[in-house]
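Asker: The structure under discussion is supplied below as structure tokens; questions concerning it will follow.
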Amino acid sequence: MLQMSLWGIPQRLAAALVTVIGIACVVGVLVSMLSMGAGARRLGMQNARPDRAIVMSKGAPGFYGSSLSEATVNAIKDAPDIKKDVSGRPLASAFTSVFIEAYKKSNHGRSNAVLLGSDSLEFEVNPEVQIIAGRTFQPGVHELIAGRTRAQLFEGFEIGDKVRVRGSDWTVVGHFVNGGGFEDFLIADAATLASAIARNTMQGVAVVLESPQQYDDFAAALKSNPAIDVDVKRQAEWEADNIKGLSGLLDFISYFVGSVMAIGASLGALNVMYSIIDGRKREIATLRAIGFGGGPIIVSVILESLFLALPGALLGALCAWLWFNGNAVMPAGVSIHLTVTVQLIALGIAWALGIGLIGGFLPALRAARIPVASALRAT
């Protein structure tokens, strides 16, 4: 029965194409939109290292809600199990940040940029940060360096440009890369930035441990210190928490739009399958008259619907991968490269098969219940 149904598709080509194209559109939109969330998660985790940890104030809801006093920062840097540089200094870099205005080159649209203040050990703690043009900033001077992505996509971040920070001008003296989301940032000296924005605390401390296995001992030492009250996280965990809000929002929007389109595609598949069943009344009735039961008819109709959904899923996933994978978008001012993963393609195929199942189930029931005598008399 399934073979007979599939052999008849060329005679119902227009109806079949409606289903295939509709499902391809649903899968293409769903996968391409979900690729934003996948890209955000990949961006956050790209440079996470197992031997790095982040320390913030106890119970801080996130990076920007943390506050560490100078005494707390010094206590963190004096903790055991932190790797030392050649001069014996612990590889621990305190940081703070502030938002500044930025304008896109493409449409002059307004956005925010993060100016990160970090101390002199920034490049030892994060060796993936590399100066590619100009030089690094000098402590005590209103200078900053801009990430390559920020300089490419936004106005006013070329070397020599002046950037307005809380009423004063800061000079861009270099560009850097790090192969991750850090390239959207601007970096300056932490003490100079804190003084300029009248802040006497830091938001966190990034440390390099002697080995990933030392993390538990390092965290236990800080938590057992009664003079400080902090939370410690592995860098990967910290990055995941930071990106969770943005990726969650992007995924919610993607599923919402995909669900609305899926409802429309399901209704379209339902109507197509109903029209197919109506056109095959005499054929189905003949099959029932010669001994086929309702069960095989239901299964064959549902399988036909699924077979129509599958090429639509593959076509939609292919279009999403060809047209969107690797493209850069900037939700919330963060540059994200769309990432179409195997998992997203599998999800799109499952989504399409669900549409096919829904679209084929009710028509299959109708096909199994067609009265044999009346269907045989139908013209």
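So you can find residues: chains in the structure tokens are A, B, ... in the order shown, residues in each start at 1, and ligands are numbered from 1 in order.
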DSSP on the backbone, strand (DSSP E or B) only: what residues of segment 128-284 of chain A does that give? Format it as a PyMOL selection string.
Answerer: chain A and resi 130-134+143-147+154+162-165+168-177+186-189+202+204-209+230-234
Asker: Now that the selection is made, can you save its residues with N, CA and C atoms as a compact mmCIF listing (two decimals), in the first residue's frame?
Answerer:
# COMPACT_ATOMS: atom_id res chain seq x y z
N GLN A 130 45.80 39.02 21.62
CA GLN A 130 47.00 39.40 20.90
C GLN A 130 46.81 40.74 20.20
N ILE A 131 47.77 41.63 20.38
CA ILE A 131 47.74 42.92 19.69
C ILE A 131 48.09 42.69 18.22
N ILE A 132 47.23 43.17 17.31
CA ILE A 132 47.48 42.99 15.88
C ILE A 132 47.80 44.30 15.18
N ALA A 133 47.57 45.41 15.86
CA ALA A 133 47.88 46.71 15.29
C ALA A 133 48.09 47.71 16.42
N GLY A 134 49.01 48.64 16.24
CA GLY A 134 49.27 49.63 17.27
C GLY A 134 50.00 49.02 18.45
N GLU A 143 43.89 55.67 27.74
CA GLU A 143 44.10 54.93 26.51
C GLU A 143 43.37 53.60 26.58
N LEU A 144 42.99 53.09 25.41
CA LEU A 144 42.33 51.80 25.36
C LEU A 144 42.67 51.10 24.06
N ILE A 145 42.42 49.79 24.04
CA ILE A 145 42.56 49.01 22.81
C ILE A 145 41.19 48.44 22.46
N ALA A 146 40.93 48.28 21.17
CA ALA A 146 39.63 47.84 20.69
C ALA A 146 39.75 46.47 20.04
N GLY A 147 38.77 45.60 20.29
CA GLY A 147 38.71 44.31 19.62
C GLY A 147 38.50 44.48 18.12
N PHE A 154 31.91 49.00 13.98
CA PHE A 154 31.42 50.21 14.64
C PHE A 154 32.32 51.40 14.32
N LYS A 162 39.17 59.13 19.18
CA LYS A 162 38.85 59.46 20.56
C LYS A 162 37.50 58.85 20.93
N VAL A 163 37.45 58.20 22.08
CA VAL A 163 36.22 57.58 22.57
C VAL A 163 35.80 58.28 23.85
N ARG A 164 34.53 58.69 23.89
CA ARG A 164 34.02 59.42 25.05
C ARG A 164 33.63 58.45 26.15
N VAL A 165 34.24 58.60 27.32
CA VAL A 165 33.95 57.74 28.47
C VAL A 165 33.66 58.62 29.67
N SER A 168 35.05 62.21 29.47
CA SER A 168 36.44 62.43 29.09
C SER A 168 36.77 61.62 27.84
N ASP A 169 37.78 62.08 27.10
CA ASP A 169 38.18 61.41 25.87
C ASP A 169 39.29 60.40 26.14
N TRP A 170 39.12 59.20 25.57
CA TRP A 170 40.13 58.15 25.67
C TRP A 170 40.60 57.84 24.25
N THR A 171 41.88 57.63 24.07
CA THR A 171 42.46 57.40 22.76
C THR A 171 42.59 55.91 22.47
N VAL A 172 42.15 55.51 21.27
CA VAL A 172 42.35 54.13 20.82
C VAL A 172 43.79 54.00 20.34
N VAL A 173 44.56 53.13 20.98
CA VAL A 173 45.99 53.01 20.63
C VAL A 173 46.33 51.66 20.00
N GLY A 174 45.36 50.73 19.94
CA GLY A 174 45.67 49.43 19.35
C GLY A 174 44.42 48.61 19.11
N HIS A 175 44.60 47.56 18.32
CA HIS A 175 43.54 46.59 18.06
C HIS A 175 44.03 45.21 18.50
N PHE A 176 43.10 44.37 18.97
CA PHE A 176 43.49 43.04 19.41
C PHE A 176 42.52 41.99 18.89
N VAL A 177 42.96 40.75 18.92
CA VAL A 177 42.11 39.60 18.60
C VAL A 177 42.23 38.60 19.75
N LEU A 186 36.30 46.55 24.54
CA LEU A 186 37.39 47.51 24.60
C LEU A 186 38.10 47.25 25.92
N ILE A 187 39.42 47.40 25.95
CA ILE A 187 40.17 47.11 27.17
C ILE A 187 41.03 48.31 27.52
N ALA A 188 41.04 48.66 28.81
CA ALA A 188 41.87 49.74 29.32
C ALA A 188 42.45 49.31 30.67
N ASP A 189 43.26 50.17 31.25
CA ASP A 189 43.83 49.87 32.57
C ASP A 189 42.75 49.96 33.63
N MET A 202 36.29 46.45 42.35
CA MET A 202 36.40 45.66 41.12
C MET A 202 35.20 44.72 41.02
N GLY A 204 35.43 41.56 39.52
CA GLY A 204 35.85 40.17 39.60
C GLY A 204 37.34 40.03 39.45
N VAL A 205 37.81 38.80 39.65
CA VAL A 205 39.23 38.49 39.47
C VAL A 205 39.33 37.20 38.66
N ALA A 206 40.08 37.24 37.58
CA ALA A 206 40.35 36.04 36.79
C ALA A 206 41.71 35.50 37.18
N VAL A 207 41.80 34.21 37.46
CA VAL A 207 43.05 33.61 37.91
C VAL A 207 43.39 32.41 37.03
N VAL A 208 44.69 32.15 36.92
CA VAL A 208 45.18 30.94 36.26
C VAL A 208 45.71 30.02 37.36
N LEU A 209 45.17 28.82 37.42
CA LEU A 209 45.59 27.87 38.45
C LEU A 209 46.81 27.08 38.00
N VAL A 230 32.96 35.33 48.82
CA VAL A 230 33.00 35.29 47.36
C VAL A 230 32.44 33.98 46.83
N ASP A 231 32.14 34.00 45.54
CA ASP A 231 31.79 32.79 44.78
C ASP A 231 32.90 32.52 43.77
N VAL A 232 33.20 31.24 43.58
CA VAL A 232 34.24 30.83 42.64
C VAL A 232 33.63 29.92 41.59
N LYS A 233 33.96 30.16 40.34
CA LYS A 233 33.46 29.32 39.25
C LYS A 233 34.58 29.02 38.28
N ARG A 234 34.53 27.83 37.70
CA ARG A 234 35.42 27.55 36.57
C ARG A 234 35.05 28.49 35.42
Asker: Would you please give, as a PDB file with C-alpha atoms, in the first residue's frame, all residues of segment 97-291 of chain A that DSSP assigns to helix (DSSP H, G or I) based on the backbone?
Answerer:
ATOM      1  CA  GLU A 122      45.693  40.765  31.590  1.00  0.00           C
ATOM      2  CA  PHE A 123      47.813  39.399  28.757  1.00  0.00           C
ATOM      3  CA  GLU A 124      49.397  36.733  30.963  1.00  0.00           C
ATOM      4  CA  VAL A 125      46.053  35.565  32.333  1.00  0.00           C
ATOM      5  CA  ARG A 148      38.947  43.628  15.892  1.00  0.00           C
ATOM      6  CA  THR A 149      35.193  42.952  15.556  1.00  0.00           C
ATOM      7  CA  ARG A 150      34.321  46.157  17.381  1.00  0.00           C
ATOM      8  CA  ALA A 151      36.629  48.196  15.158  1.00  0.00           C
ATOM      9  CA  GLN A 152      35.359  46.569  11.953  1.00  0.00           C
ATOM     10  CA  LEU A 153      31.637  46.986  12.626  1.00  0.00           C
ATOM     11  CA  GLY A 181      33.452  37.085  21.975  1.00  0.00           C
ATOM     12  CA  PHE A 182      36.122  39.184  23.674  1.00  0.00           C
ATOM     13  CA  GLU A 183      36.699  40.897  20.331  1.00  0.00           C
ATOM     14  CA  ASP A 184      33.562  42.971  20.918  1.00  0.00           C
ATOM     15  CA  ALA A 190      41.622  48.873  35.506  1.00  0.00           C
ATOM     16  CA  ALA A 191      42.867  51.437  38.031  1.00  0.00           C
ATOM     17  CA  THR A 192      42.675  54.273  35.491  1.00  0.00           C
ATOM     18  CA  LEU A 193      39.144  53.313  34.463  1.00  0.00           C
ATOM     19  CA  ALA A 194      37.961  52.903  38.070  1.00  0.00           C
ATOM     20  CA  SER A 195      39.268  56.379  38.875  1.00  0.00           C
ATOM     21  CA  ALA A 196      37.602  57.895  35.799  1.00  0.00           C
ATOM     22  CA  PRO A 212      42.839  22.195  36.527  1.00  0.00           C
ATOM     23  CA  GLN A 213      42.990  19.666  39.381  1.00  0.00           C
ATOM     24  CA  GLN A 214      43.783  22.488  41.831  1.00  0.00           C
ATOM     25  CA  TYR A 215      40.387  24.135  41.373  1.00  0.00           C
ATOM     26  CA  ASP A 216      38.671  22.437  44.327  1.00  0.00           C
ATOM     27  CA  ASP A 217      41.516  23.332  46.682  1.00  0.00           C
ATOM     28  CA  PHE A 218      41.563  26.926  45.433  1.00  0.00           C
ATOM     29  CA  ALA A 219      37.789  27.317  45.833  1.00  0.00           C
ATOM     30  CA  ALA A 220      37.859  25.722  49.294  1.00  0.00           C
ATOM     31  CA  ALA A 221      40.644  28.067  50.444  1.00  0.00           C
ATOM     32  CA  LEU A 222      38.663  31.156  49.419  1.00  0.00           C
ATOM     33  CA  LYS A 223      35.391  29.947  50.911  1.00  0.00           C
ATOM     34  CA  GLN A 235      35.742  29.747  33.519  1.00  0.00           C
ATOM     35  CA  ALA A 236      33.536  27.465  31.418  1.00  0.00           C
ATOM     36  CA  GLU A 237      30.763  27.629  34.030  1.00  0.00           C
ATOM     37  CA  TRP A 238      31.121  31.396  34.321  1.00  0.00           C
ATOM     38  CA  GLU A 239      30.980  31.872  30.543  1.00  0.00           C
ATOM     39  CA  ALA A 240      27.890  29.638  30.326  1.00  0.00           C
ATOM     40  CA  ASP A 241      26.127  31.681  33.019  1.00  0.00           C
ATOM     41  CA  ASN A 242      27.010  34.945  31.269  1.00  0.00           C
ATOM     42  CA  ILE A 243      25.656  33.840  27.902  1.00  0.00           C
ATOM     43  CA  LYS A 244      22.630  32.002  29.310  1.00  0.00           C
ATOM     44  CA  GLY A 245      20.323  35.020  29.301  1.00  0.00           C
ATOM     45  CA  LEU A 246      21.065  36.022  25.706  1.00  0.00           C
ATOM     46  CA  SER A 247      21.033  32.489  24.294  1.00  0.00           C
ATOM     47  CA  GLY A 248      17.846  31.671  26.215  1.00  0.00           C
ATOM     48  CA  LEU A 249      16.081  34.728  24.792  1.00  0.00           C
ATOM     49  CA  LEU A 250      17.221  33.908  21.267  1.00  0.00           C
ATOM     50  CA  ASP A 251      16.059  30.287  21.621  1.00  0.00           C
ATOM     51  CA  PHE A 252      12.659  31.378  22.981  1.00  0.00           C
ATOM     52  CA  ILE A 253      12.070  33.711  20.029  1.00  0.00           C
ATOM     53  CA  SER A 254      13.206  30.987  17.623  1.00  0.00           C
ATOM     54  CA  TYR A 255      10.869  28.352  19.038  1.00  0.00           C
ATOM     55  CA  PHE A 256       7.967  30.804  19.182  1.00  0.00           C
ATOM     56  CA  VAL A 257       8.331  31.796  15.524  1.00  0.00           C
ATOM     57  CA  GLY A 258       8.993  28.177  14.556  1.00  0.00           C
ATOM     58  CA  SER A 259       5.889  26.996  16.411  1.00  0.00           C
ATOM     59  CA  VAL A 260       3.653  29.540  14.697  1.00  0.00           C
ATOM     60  CA  MET A 261       5.022  28.522  11.305  1.00  0.00           C
ATOM     61  CA  ALA A 262       4.738  24.831  12.221  1.00  0.00           C
ATOM     62  CA  ILE A 263       1.036  25.263  12.985  1.00  0.00           C
ATOM     63  CA  GLY A 264       0.532  26.801   9.560  1.00  0.00           C
ATOM     64  CA  ALA A 265       2.543  24.051   7.877  1.00  0.00           C
ATOM     65  CA  SER A 266       0.632  21.364   9.768  1.00  0.00           C
ATOM     66  CA  LEU A 267      -2.669  22.801   8.606  1.00  0.00           C
ATOM     67  CA  GLY A 268      -1.320  22.943   5.059  1.00  0.00           C
ATOM     68  CA  ALA A 269      -0.160  19.316   5.219  1.00  0.00           C
ATOM     69  CA  LEU A 270      -3.533  18.367   6.707  1.00  0.00           C
ATOM     70  CA  ASN A 271      -5.414  19.936   3.810  1.00  0.00           C
ATOM     71  CA  VAL A 272      -3.075  18.361   1.250  1.00  0.00           C
ATOM     72  CA  MET A 273      -3.468  14.901   2.756  1.00  0.00           C
ATOM     73  CA  TYR A 274      -7.263  15.324   2.934  1.00  0.00           C
ATOM     74  CA  SER A 275      -7.332  16.232  -0.757  1.00  0.00           C
ATOM     75  CA  ILE A 276      -5.144  13.223  -1.558  1.00  0.00           C
ATOM     76  CA  ILE A 277      -7.451  10.912   0.367  1.00  0.00           C
ATOM     77  CA  ASP A 278     -10.529  12.358  -1.322  1.00  0.00           C
ATOM     78  CA  GLY A 279      -8.914  11.750  -4.707  1.00  0.00           C
ATOM     79  CA  LYS A 281     -11.488   7.129  -2.349  1.00  0.00           C
ATOM     80  CA  ARG A 282     -12.215   4.495  -5.005  1.00  0.00           C
ATOM     81  CA  GLU A 283      -8.677   3.073  -4.798  1.00  0.00           C
ATOM     82  CA  ILE A 284      -8.796   2.820  -0.997  1.00  0.00           C
ATOM     83  CA  ALA A 285     -12.269   1.311  -1.043  1.00  0.00           C
ATOM     84  CA  THR A 286     -11.124  -1.297  -3.582  1.00  0.00           C
ATOM     85  CA  LEU A 287      -8.197  -2.220  -1.332  1.00  0.00           C
ATOM     86  CA  ARG A 288     -10.506  -2.593   1.624  1.00  0.00           C
ATOM     87  CA  ALA A 289     -12.922  -4.690  -0.450  1.00  0.00           C
TER      88      ALA A 289
END
Asker: Just give me the gap between atom CA of Lys105 of chain A and atom CA of Leu30 of chain A in Å, one decimal is fine.
Answerer: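 For atom CA of Lys105 of chain A relative to atom CA of Leu30 of chain A, the distance reads 28.7 Å.
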Asker: Extract, using only C-alpha atoms, all DNA, RNA and protein residues at most 12 Å from Trp321 of chain A, discarding same-chain residues fewer than 4 positions from it, and format them as an mmCIF file with C-alpha atoms, in the first residue's frame.
Answerer:
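Wrote it out as part_34.cif, contents follow:
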data_model
loop_
_atom_site.group_PDB
_atom_site.id
_atom_site.type_symbol
_atom_site.label_atom_id
_atom_site.label_comp_id
_atom_site.auth_asym_id
_atom_site.auth_seq_id
_atom_site.Cartn_x
_atom_site.Cartn_y
_atom_site.Cartn_z
ATOM 1 C CA VAL A 27 12.719 24.046 9.080
ATOM 2 C CA GLY A 28 14.873 26.669 7.357
ATOM 3 C CA VAL A 29 13.574 29.489 9.560
ATOM 4 C CA LEU A 30 13.733 27.417 12.765
ATOM 5 C CA VAL A 31 17.281 26.162 12.183
ATOM 6 C CA SER A 32 18.610 29.550 11.060
ATOM 7 C CA MET A 33 17.097 31.322 14.082
ATOM 8 C CA LEU A 34 18.277 28.686 16.548
ATOM 9 C CA SER A 35 21.746 29.054 15.049
ATOM 10 C CA LEU A 314 16.475 18.256 4.327
ATOM 11 C CA LEU A 315 15.865 21.111 1.890
ATOM 12 C CA GLY A 316 15.193 23.589 4.716
ATOM 13 C CA ALA A 317 18.254 22.500 6.690
ATOM 14 C CA ASN A 325 25.980 29.421 8.641
ATOM 15 C CA GLY A 326 28.922 31.665 9.534
ATOM 16 C CA ASN A 327 27.111 34.960 8.933
ATOM 17 C CA LEU A 338 25.404 31.946 13.180
ATOM 18 C CA THR A 339 26.279 28.299 13.798
ATOM 19 C CA VAL A 340 24.225 25.581 12.102
ATOM 20 C CA THR A 341 25.183 22.424 13.985
ATOM 21 C CA VAL A 342 24.382 18.767 13.367
ATOM 22 C CA LEU A 344 20.131 21.745 14.982
ATOM 23 C CA ILE A 345 19.725 19.893 11.692
ATOM 24 C CA GLY A 348 14.780 20.468 12.301
#
Asker: Measuring between only C-alpha atoms, which one of A:Leu318, A:Met56, A:Ile76, A:Leu91 shows the shortest distance to Ala24 of chain A?
Answerer: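 Under the stated criterion, the closest residue is A:Leu318.
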Asker: One decimal, in Å: what's the spacing between atom CA of Asp78 of chain A and atom CA of Ala92 of chain A?
Answerer: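 Answer for the atom CA of Asp78 of chain A to atom CA of Ala92 of chain A separation: 9.4 Å.
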Asker: Grab the atom CA of Ile100 of chain A to atom CA of His337 of chain A distance for me, in Å with one decimal place.
Answerer: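 If I compute the distance from atom CA of Ile100 of chain A to atom CA of His337 of chain A, I get 22.9 Å.
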Asker: Considering only C-alpha atoms, can you say which of A:Ala71, A:Gly360, A:Leu347, A:Leu17 comes closest to Leu306 of chain A?
Answerer: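 Of the candidates, the smallest distance to Leu306 of chain A is held by A:Gly360.
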Asker: Compare A:Ser69, A:Ala364, A:Ala79, A:Gly156 by their minimum atom-to-atom distance to Lys104 of chain A, counting only C-alpha atoms, and give me the closest one.
Answerer: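 Among the listed residues, the smallest separation from Lys104 of chain A belongs to A:Gly156.
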Asker: Restricting the calculation to only C-alpha atoms: of A:Val141, A:Ile336, A:Leu365, A:Ala94, which residue gets closest to Arg42 of chain A?
Answerer: A:Ile336
Asker: Measuring between only C-alpha atoms, which one of A:Ala227, A:Ala198, A:Ala14, A:Leu362 shows the shortest distance to Thr96 of chain A?
Answerer: A:Ala198
